[in-house]
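To be precise, the following lines are target-v1.cif, and they hold mmCIF, C-alpha atoms.
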```cif
data_work
#
loop_
_atom_site.label_atom_id
_atom_site.label_comp_id
_atom_site.auth_asym_id
_atom_site.auth_seq_id
_atom_site.Cartn_x
_atom_site.Cartn_y
_atom_site.Cartn_z
CA LEU A 54 81.17 98.88 55.03
CA SER A 55 79.13 96.15 53.35
CA THR A 56 80.42 93.59 50.85
CA ASN A 57 78.20 95.12 48.17
CA MET A 58 79.74 98.51 48.70
CA PHE A 59 83.21 97.08 48.22
CA ALA A 60 82.09 95.36 45.00
CA ALA A 61 80.33 98.39 43.59
CA ASN A 62 82.93 100.96 44.51
CA LYS A 63 86.16 99.16 45.24
CA PRO A 64 88.55 102.10 44.57
CA THR A 65 86.59 104.39 46.92
CA ALA A 66 86.44 101.76 49.66
CA THR A 67 90.15 101.06 49.32
CA MET A 68 90.93 104.77 49.57
CA ALA A 69 88.73 105.04 52.66
CA LEU A 70 90.49 102.17 54.36
CA SER A 71 93.87 103.63 53.42
CA ALA A 72 92.83 106.96 54.95
CA VAL A 73 91.86 105.19 58.19
CA ALA A 74 95.19 103.40 58.23
CA ARG A 75 97.02 106.68 57.73
CA CYS A 76 95.05 108.28 60.57
CA ASN A 77 95.92 105.37 62.82
CA ARG A 78 99.59 105.74 61.96
CA ILE A 79 99.47 109.49 62.56
CA SER A 80 97.73 108.92 65.90
CA HIS A 81 100.39 106.41 66.83
CA HIS A 82 103.17 108.80 65.88
CA ARG A 83 101.60 111.57 67.89
CA SER A 84 101.44 109.42 70.99
CA PHE A 85 105.02 108.32 70.39
CA ALA A 86 106.09 111.94 69.94
CA ASN A 87 104.63 112.76 73.36
CA LYS A 88 106.38 109.80 74.93
CA VAL A 89 109.17 110.52 77.39
CA SER A 90 112.37 109.01 76.01
CA ALA A 91 116.09 108.95 76.67
CA LEU A 92 116.48 111.74 74.11
CA SER A 93 113.81 113.95 75.67
CA LEU A 94 115.33 113.44 79.12
CA ASN A 95 118.75 114.46 77.85
CA ALA A 96 117.16 117.50 76.23
CA LYS A 97 115.64 118.44 79.57
CA LYS A 98 119.04 118.32 81.25
CA ARG A 99 120.62 120.47 78.56
CA LYS A 100 117.85 123.05 78.91
CA GLY A 101 118.09 123.05 82.70
CA LYS A 102 114.61 121.57 83.19
CA ARG A 103 114.17 119.23 86.15
CA ILE A 104 113.01 115.63 85.73
CA SER A 105 110.34 114.08 87.95
CA MET A 106 110.25 110.38 88.77
CA VAL A 107 107.97 108.44 91.11
CA THR A 108 108.23 104.83 92.22
CA ALA A 109 104.85 103.10 91.95
CA TYR A 110 103.79 99.48 92.07
CA ASN A 111 100.19 99.03 90.92
CA TYR A 112 97.40 100.15 88.61
CA PRO A 113 95.67 102.76 90.85
CA SER A 114 98.91 104.50 91.84
CA ALA A 115 100.09 104.46 88.21
CA VAL A 116 96.90 106.24 87.12
CA HIS A 117 97.43 108.95 89.76
CA VAL A 118 101.09 109.38 88.82
CA ALA A 119 100.31 109.53 85.12
CA ARG A 120 97.59 112.14 85.58
CA ALA A 121 100.09 114.30 87.46
CA GLY A 122 102.31 114.30 84.37
CA ILE A 123 105.32 112.66 86.04
CA ASP A 124 108.15 112.07 83.56
CA ILE A 125 109.30 108.61 84.68
CA VAL A 126 107.51 105.87 86.58
CA LEU A 127 109.82 103.36 88.21
CA VAL A 128 108.51 100.00 89.34
CA GLY A 129 111.14 99.51 92.02
CA ASP A 130 112.22 96.31 93.69
CA SER A 131 111.39 98.22 96.88
CA VAL A 132 107.95 96.71 96.30
CA ALA A 133 109.38 93.84 98.36
CA MET A 134 109.46 96.08 101.42
CA VAL A 135 106.68 98.59 100.75
CA GLU A 136 103.94 96.26 99.51
CA LEU A 137 105.06 92.71 100.23
CA GLY A 138 106.32 93.23 103.79
CA HIS A 139 109.89 91.92 103.41
CA GLU A 140 112.75 93.44 105.39
CA THR A 141 114.94 93.99 102.29
CA THR A 142 114.56 94.22 98.53
CA GLN A 143 116.45 90.99 97.98
CA ASN A 144 113.41 88.71 98.31
CA VAL A 145 111.39 89.84 95.32
CA SER A 146 111.45 87.61 92.21
CA ILE A 147 111.52 88.58 88.56
CA GLU A 148 108.04 87.07 88.15
CA SER A 149 106.72 89.35 90.87
CA MET A 150 108.45 92.37 89.34
CA ILE A 151 106.98 91.63 85.91
CA HIS A 152 103.54 91.23 87.50
CA HIS A 153 103.76 94.68 89.10
CA CYS A 154 105.20 96.26 85.93
CA GLN A 155 102.27 94.90 83.93
CA SER A 156 99.84 96.45 86.42
CA VAL A 157 101.56 99.83 86.26
CA LYS A 158 101.71 99.64 82.46
CA ARG A 159 97.94 99.21 82.30
CA GLY A 160 97.51 102.21 84.60
CA LEU A 161 99.67 104.39 82.36
CA GLU A 162 97.78 103.24 79.28
CA PHE A 163 94.42 103.93 80.92
CA ALA A 164 95.52 107.49 81.73
CA GLY A 165 96.89 108.02 78.21
CA SER A 166 100.26 108.80 79.71
CA GLY A 167 103.52 109.42 77.91
CA SER A 168 105.53 108.65 81.04
CA MET A 169 108.56 106.42 80.64
CA LEU A 170 108.15 103.08 82.40
CA VAL A 171 111.30 101.66 84.00
CA GLY A 172 111.43 98.22 85.59
CA ASP A 173 113.89 97.42 88.38
CA MET A 174 115.83 94.24 87.66
CA PRO A 175 115.75 92.37 90.98
CA PHE A 176 118.60 90.83 92.91
CA GLY A 177 119.91 87.69 91.24
CA THR A 178 118.79 88.45 87.68
CA TYR A 179 121.79 90.25 86.17
CA GLU A 180 124.90 89.73 88.32
CA PHE A 181 126.16 86.58 86.58
CA GLU A 182 129.45 86.39 84.68
CA ASP A 183 127.41 85.21 81.72
CA SER A 184 125.80 88.53 80.77
CA ASP A 185 123.43 86.74 78.40
CA VAL A 186 121.39 85.92 81.50
CA ALA A 187 120.95 89.63 82.21
CA LEU A 188 120.02 90.33 78.61
CA ARG A 189 117.41 87.57 78.55
CA ASN A 190 115.86 88.91 81.75
CA ALA A 191 115.91 92.47 80.41
CA TYR A 192 114.01 91.26 77.36
CA ARG A 193 111.35 89.84 79.67
CA PHE A 194 110.78 93.29 81.17
CA VAL A 195 110.28 94.74 77.69
CA LYS A 196 108.31 91.94 76.04
CA GLU A 197 106.23 90.64 78.96
CA ALA A 198 105.86 93.73 81.13
CA GLY A 199 105.89 96.47 78.50
CA CYS A 200 108.72 98.44 80.09
CA ASP A 201 110.58 101.13 78.17
CA ALA A 202 113.80 100.54 80.11
CA VAL A 203 115.32 98.58 82.97
CA LYS A 204 117.34 99.69 85.98
CA LEU A 205 120.24 97.87 87.58
CA GLU A 206 122.38 98.70 90.61
CA GLY A 207 126.11 99.24 90.92
CA GLY A 208 128.88 100.79 88.86
CA SER A 209 131.71 98.26 88.97
CA VAL A 210 133.56 97.28 85.82
CA SER A 211 131.58 94.05 85.55
CA ARG A 212 128.28 95.85 86.16
CA ALA A 213 129.10 98.38 83.45
CA GLU A 214 129.87 95.52 81.06
CA THR A 215 126.49 94.00 81.86
CA ALA A 216 124.78 97.34 81.25
CA GLN A 217 126.54 97.66 77.91
CA LYS A 218 125.49 94.13 76.96
CA ILE A 219 121.85 95.03 77.63
CA VAL A 220 122.10 98.35 75.78
CA ASP A 221 123.77 96.66 72.80
CA GLY A 222 120.88 94.20 72.86
CA GLY A 223 118.45 97.06 72.30
CA VAL A 224 117.15 97.74 75.82
CA ALA A 225 117.61 101.13 77.48
CA VAL A 226 119.31 101.01 80.88
CA MET A 227 119.12 103.32 83.90
CA GLY A 228 122.09 103.01 86.26
CA HIS A 229 122.11 103.34 90.04
CA VAL A 230 125.01 104.19 92.37
CA GLY A 231 125.40 105.28 95.98
CA LEU A 232 123.18 103.33 98.32
CA THR A 233 122.38 100.16 96.41
CA PRO A 234 119.80 98.31 98.55
CA GLN A 235 120.34 94.98 96.80
CA ALA A 236 123.90 94.95 98.14
CA ILE A 237 123.09 95.55 101.80
CA SER A 238 124.71 92.24 102.73
CA VAL A 239 127.99 93.69 101.49
CA ILE A 240 127.70 97.35 102.50
CA GLY A 241 126.32 96.50 105.95
CA GLY A 242 122.78 97.86 105.81
CA PHE A 243 120.98 100.93 104.52
CA ARG A 244 123.84 103.41 104.92
CA ALA A 245 124.62 106.69 103.20
CA GLN A 246 127.46 106.44 100.70
CA GLY A 247 130.25 108.71 99.47
CA ARG A 248 130.95 110.51 102.74
CA THR A 249 134.72 110.17 102.42
CA ALA A 250 136.77 111.79 99.66
CA VAL A 251 138.00 108.44 98.36
CA ARG A 252 134.56 106.85 98.26
CA ALA A 253 133.03 109.98 96.71
CA ARG A 254 135.59 109.82 93.91
CA GLN A 255 134.76 106.14 93.43
CA LEU A 256 131.10 107.02 93.00
CA LEU A 257 132.00 109.55 90.33
CA ASP A 258 134.06 106.91 88.52
CA GLU A 259 131.19 104.44 88.75
CA ALA A 260 128.71 106.94 87.31
CA MET A 261 131.09 107.79 84.46
CA ARG A 262 131.58 104.09 83.80
CA LEU A 263 127.81 103.60 83.50
CA GLN A 264 127.57 106.55 81.13
CA ASP A 265 130.31 105.08 78.95
CA ALA A 266 128.40 101.78 78.96
CA GLY A 267 125.43 103.50 77.36
CA CYS A 268 123.12 104.15 80.31
CA PHE A 269 120.68 106.98 79.58
CA SER A 270 120.56 108.17 83.21
CA VAL A 271 121.88 107.35 86.67
CA VAL A 272 120.11 107.30 90.03
CA LEU A 273 122.16 108.76 92.90
CA GLU A 274 120.87 107.49 96.24
CA CYS A 275 121.82 108.70 99.72
CA VAL A 276 124.99 110.59 98.86
CA PRO A 277 126.15 114.05 100.05
CA ALA A 278 124.73 116.93 98.02
CA ASN A 279 128.17 118.20 96.95
CA VAL A 280 129.11 114.75 95.66
CA ALA A 281 125.86 114.46 93.70
CA ALA A 282 126.42 117.94 92.29
CA ALA A 283 129.92 117.01 91.10
CA ILE A 284 128.65 113.83 89.45
CA THR A 285 125.76 115.70 87.78
CA GLU A 286 128.11 118.37 86.45
CA THR A 287 130.53 115.76 85.10
CA LEU A 288 127.99 113.55 83.33
CA GLU A 289 126.27 114.36 80.06
CA ILE A 290 123.35 112.09 80.94
CA PRO A 291 120.76 113.09 83.58
CA THR A 292 121.08 112.14 87.25
CA ILE A 293 118.03 111.35 89.37
CA GLY A 294 118.53 112.04 93.06
CA ILE A 295 116.96 110.42 96.08
CA GLY A 296 118.42 111.75 99.29
CA ALA A 297 121.17 113.39 97.23
CA GLY A 298 120.48 117.12 97.49
CA GLY A 299 118.97 119.52 94.99
CA SER A 300 121.63 119.74 92.29
CA THR A 301 120.72 116.53 90.44
CA SER A 302 118.90 116.64 87.11
CA GLY A 303 115.77 115.24 88.73
CA GLN A 304 114.26 113.76 91.86
CA VAL A 305 112.52 110.50 92.72
CA LEU A 306 110.38 109.50 95.70
CA VAL A 307 108.29 106.43 96.47
CA PHE A 308 104.53 106.91 96.00
CA HIS A 309 103.64 105.51 99.41
CA ASP A 310 106.27 107.57 101.25
CA MET A 311 105.63 110.93 99.63
CA LEU A 312 101.86 110.68 100.15
CA GLY A 313 102.07 109.44 103.72
CA MET A 314 100.38 106.15 102.92
CA LEU A 315 101.98 104.68 106.03
CA SER A 316 101.71 107.85 108.09
CA HIS A 317 100.20 106.10 111.10
CA PRO A 318 102.67 106.68 114.00
CA HIS A 319 103.47 102.96 114.10
CA HIS A 320 104.99 103.21 110.63
CA GLU A 321 106.91 106.49 110.96
CA GLN A 322 110.14 104.60 111.60
CA PHE A 323 110.00 103.15 108.09
CA VAL A 324 109.81 106.48 106.24
CA PRO A 325 113.28 107.59 105.03
CA LYS A 326 114.70 110.81 106.45
CA PHE A 327 115.09 112.33 102.98
CA CYS A 328 111.41 111.87 102.10
CA LYS A 329 109.17 114.92 102.15
CA LYS A 330 105.52 114.05 102.67
CA TYR A 331 103.18 115.91 100.34
CA ALA A 332 100.04 114.44 101.90
CA ASP A 333 98.91 112.42 104.91
CA VAL A 334 96.84 109.89 103.04
CA GLY A 335 97.55 107.25 105.65
CA HIS A 336 95.65 109.17 108.33
CA ALA A 337 92.64 109.54 106.04
CA ILE A 338 92.77 105.83 105.20
CA GLN A 339 92.95 104.86 108.87
CA GLU A 340 90.07 107.19 109.72
CA GLY A 341 87.95 105.83 106.89
CA LEU A 342 88.53 102.21 107.89
CA SER A 343 87.75 102.96 111.53
CA ARG A 344 84.50 104.69 110.58
CA PHE A 345 83.52 101.74 108.40
CA LYS A 346 84.08 99.31 111.27
CA THR A 347 82.04 101.48 113.65
CA GLU A 348 79.13 101.86 111.24
CA VAL A 349 79.05 98.14 110.44
CA GLU A 350 79.00 97.22 114.13
CA SER A 351 76.31 99.80 114.92
CA GLY A 352 74.17 98.89 111.91
CA VAL A 353 74.37 102.37 110.36
CA PHE A 354 75.91 100.99 107.19
CA PRO A 355 74.55 100.18 104.67
CA GLY A 356 71.08 101.50 105.54
CA GLU A 357 68.46 102.18 102.86
CA GLU A 358 70.69 104.66 101.03
CA TYR A 359 73.23 101.98 100.12
CA SER A 360 70.71 99.14 99.59
CA PRO A 361 69.46 100.14 96.13
CA TYR A 362 68.23 96.81 94.78
CA VAL A 363 64.54 96.13 95.47
CA MET A 364 61.81 93.73 94.37
CA SER A 365 58.38 94.73 93.18
CA GLU A 366 55.54 94.18 95.62
CA GLY A 367 54.24 91.29 93.55
CA GLU A 368 57.61 89.51 93.57
CA LYS A 369 57.94 90.10 97.32
CA GLU A 370 54.61 88.35 97.89
CA ALA A 371 55.63 85.45 95.63
CA PHE A 372 58.95 85.11 97.45
CA ASP A 373 57.24 85.09 100.87
CA ALA A 374 54.94 82.32 99.62
CA LEU A 375 57.93 80.23 98.55
CA LEU A 376 59.51 80.68 101.95
CA LYS A 377 56.38 79.42 103.71
CA LYS A 378 56.44 76.13 101.76
CA ASP A 379 59.60 74.81 103.44
CA ALA A 380 59.66 76.93 106.60
CA THR A 381 59.55 73.89 108.89
CA GLU A 382 62.43 72.10 107.12
CA ARG A 383 64.57 75.23 107.08
CA GLU A 384 63.98 75.73 110.79
CA ARG A 385 65.08 72.15 111.45
CA MET A 386 68.28 72.59 109.42
CA HIS A 387 68.94 75.88 111.16
CA SER A 388 68.71 74.21 114.57
CA LEU A 389 71.16 71.46 113.54
CA ALA A 390 73.66 73.95 112.22
CA ALA A 391 73.35 76.09 115.35
CA GLU A 392 73.99 73.07 117.56
CA LYS A 393 77.16 72.15 115.64
CA LEU A 394 78.50 75.69 115.83
CA SER A 395 77.71 75.81 119.55
CA GLN A 396 79.73 72.64 120.12
CA ALA A 397 82.65 74.04 118.13
CA ASP A 398 82.50 77.24 120.13
CA GLU A 399 82.59 75.23 123.37
CA TYR A 400 85.79 73.47 122.24
CA GLU A 401 87.36 76.84 121.47
CA THR A 402 86.30 78.30 124.82
CA LEU A 403 87.84 75.36 126.67
CA LYS A 404 90.97 75.65 124.48
CA LEU A 405 90.91 71.97 123.60
CA TYR A 406 92.72 72.79 120.35
CA GLY A 407 95.76 74.26 122.10
CA ALA A 408 97.43 74.95 125.42
CA ASP A 409 95.61 77.23 127.82
CA GLU A 410 97.61 80.41 128.27
CA LYS A 411 96.35 80.88 131.82
CA LYS A 412 98.16 78.57 134.24
CA THR A 413 96.13 77.41 137.22
#
```

Just give me the structure of the file as structure tokens.
Amino acid sequence: LSTNMFAANKPTATMALSAVARCNRISHHRSFANKVSALSLNAKKRKGKRISMVTAYNYPSAVHVARAGIDIVLVGDSVAMVELGHETTQNVSIESMIHHCQSVKRGLEFAGSGSMLVGDMPFGTYEFEDSDVALRNAYRFVKEAGCDAVKLEGGSVSRAETAQKIVDGGVAVMGHVGLTPQAISVIGGFRAQGRTAVRARQLLDEAMRLQDAGCFSVVLECVPANVAAAITETLEIPTIGIGAGGSTSGQVLVFHDMLGMLSHPHHEQFVPKFCKKYADVGHAIQEGLSRFKTEVESGVFPGEEYSPYVMSEGEKEAFDALLKKDATERERMHSLAAEKLSQADEYETLKLYGADEKKT
């Protein structure tokens, strides 16, 4: 709209802008209405509809997950093991978690997804007696990473108090009991939990404690199916199972595991027993990379088909003429460079930079 139009017909222009603003608000409300929330998840449980959740760590995987219509996307601290190569989840920092959450957030936005985004609060960011520390870190996940909620592990009295502090501060919290990977130093490794009557009852108490603290859902990891069923039946909030049988309100798997991203035989030992593979993407990836290497070495790739940028005949002739002008100098520089590289290669062959492995 031009300035003159505003001057000549100010009421009409104002009405037009107001209409645009209303449309924008309506559009926003529609997207918010389609957004998965704590209320919609509770409604699913009441209606007996199962909840789907996938753990993803980056933009491309988030786009795939969103397009599949998955209810919840969790950016798990398992990124430490799956993508960063650590042996446990304890090594990942809050800065790294926020970085990955931001990437996933952009993927969800690109796909126009209404999936709920949950960020895993990493080890050492919420366990302090001063629960203000946990609240400040939870705010970072919401304000910096764009998360809809955070997840924390454990169901002790102190952990429930921390969860309540975060909820009271305005941030939705997902609980997590059973196998809590951040606590492997205490529980003695990645072990199934709740396999004795006493411990199973403790898990139920922990889950109830988290519900009372205001958590909107609880993850149950690596617990017997009957224990998970009892907890699910007792709680009003949804339970999300991982290695916990089929009676939970929903299920979660890690993107890389369920799609066989690491399905090369060398990596089979790292795939959890409870994980069903819905694809063998890893085999296809390995095959593709091997073919690329072979074609590069044989000269098949790129070929003319994948060399699309060409010069006109006139520009080719002009370029050849420019090359002729300094051909002698370029040949001299080429010879000097080749000699230096040859000398460096000789040092490497004689292993002058390190001990020779072959003893004579």

Correct to one decimal, the distance atom CA of Ser388 of chain A-atom CA of Leu375 of chain A is 20.2 Å

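For the set A:Val118, A:Ala380, A:Cys200, A:Ile290, the residue with the smallest atom-to-atom gap to Met150 of chain A is A:Cys200, counting all atoms listed in the file.
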
Check what the PyMOL selection byres ((chain A and resi 163) around 10) selects in the file above and give those residues as number ranges by chain. A: 112, 115-116, 119-120, 157-162, 164-166

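Taking only C-alpha atoms into account, Ser302 of chain A lies nearest to A:Ser105 out of the set A:Gln255, A:Thr142, A:Ser90, A:Ser105.
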
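Residues matched by the PyMOL selection byres ((chain A and resi 329) around 6) in this structure: A:Met311, A:Cys328, A:Lys330.
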
Kindly provide the residues of segment 243-294 of chain A that approach segment 168-182 of chain A to within 12 Å, each paired with its closest atom pair and their distance in Å to one decimal, based on only C-alpha atoms, listed by chain and increasing number, as a tab-separated table.
```
residue	atom	partner	partner_atom	distance
A:Phe269	CA	A:Val171	CA	11.7
A:Ser270	CA	A:Val171	CA	11.3
A:Val272	CA	A:Asp173	CA	11.8
```

Using the chain letters and residue numbers of this document, give as a list in words the residues selected by the PyMOL selection byres ((chain A and resi 222) around 12). Ser184, Asp185, Val186, Ala187, Leu188, Arg189, Asn190, Ala191, Tyr192, Val195, Ala202, Thr215, Ala216, Gln217, Lys218, Ile219, Val220, Asp221, Gly223, Val224, Ala225, Val226 and Gly267 of chain A

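With all atoms listed in the file as the atoms that count, the minimum distance from Gly167 of chain A to the choices A:Val89, A:Val210, A:Ile151, A:Val107 is reached by A:Val89.
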
For a quick check of understanding, using all atoms listed in the file, which of A:Asp333, A:Glu259, A:Glu357, A:Asp201 has the smallest distance to Ile125 of chain A? A:Asp201

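Here atom CA of Met386 of chain A stands at a distance of 19.2 Å from atom CA of Ala374 of chain A.
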
Near Met261 of chain A, counting only C-alpha atoms, which residues have an atom at most 12 Å away, once you skip same-chain residues fewer than 2 positions from it, shown as a VMD selection string? chain A and resid 207 to 210 213 228 to 230 254 to 259 263 to 271 283 to 292

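A straight line drawn from atom CA of Val334 of chain A to atom CA of Pro113 of chain A is 14.2 Å long.
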
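Using all atoms listed in the file, the protein and nucleic acid residues lying at most 9 Å from the point (103.8, 92.1, 80.7) are Ile151, His152, His153, Cys154, Gln155, Ser156, Lys158, Arg193, Phe194, Val195, Lys196, Glu197, Ala198, Gly199 and Cys200 of chain A.
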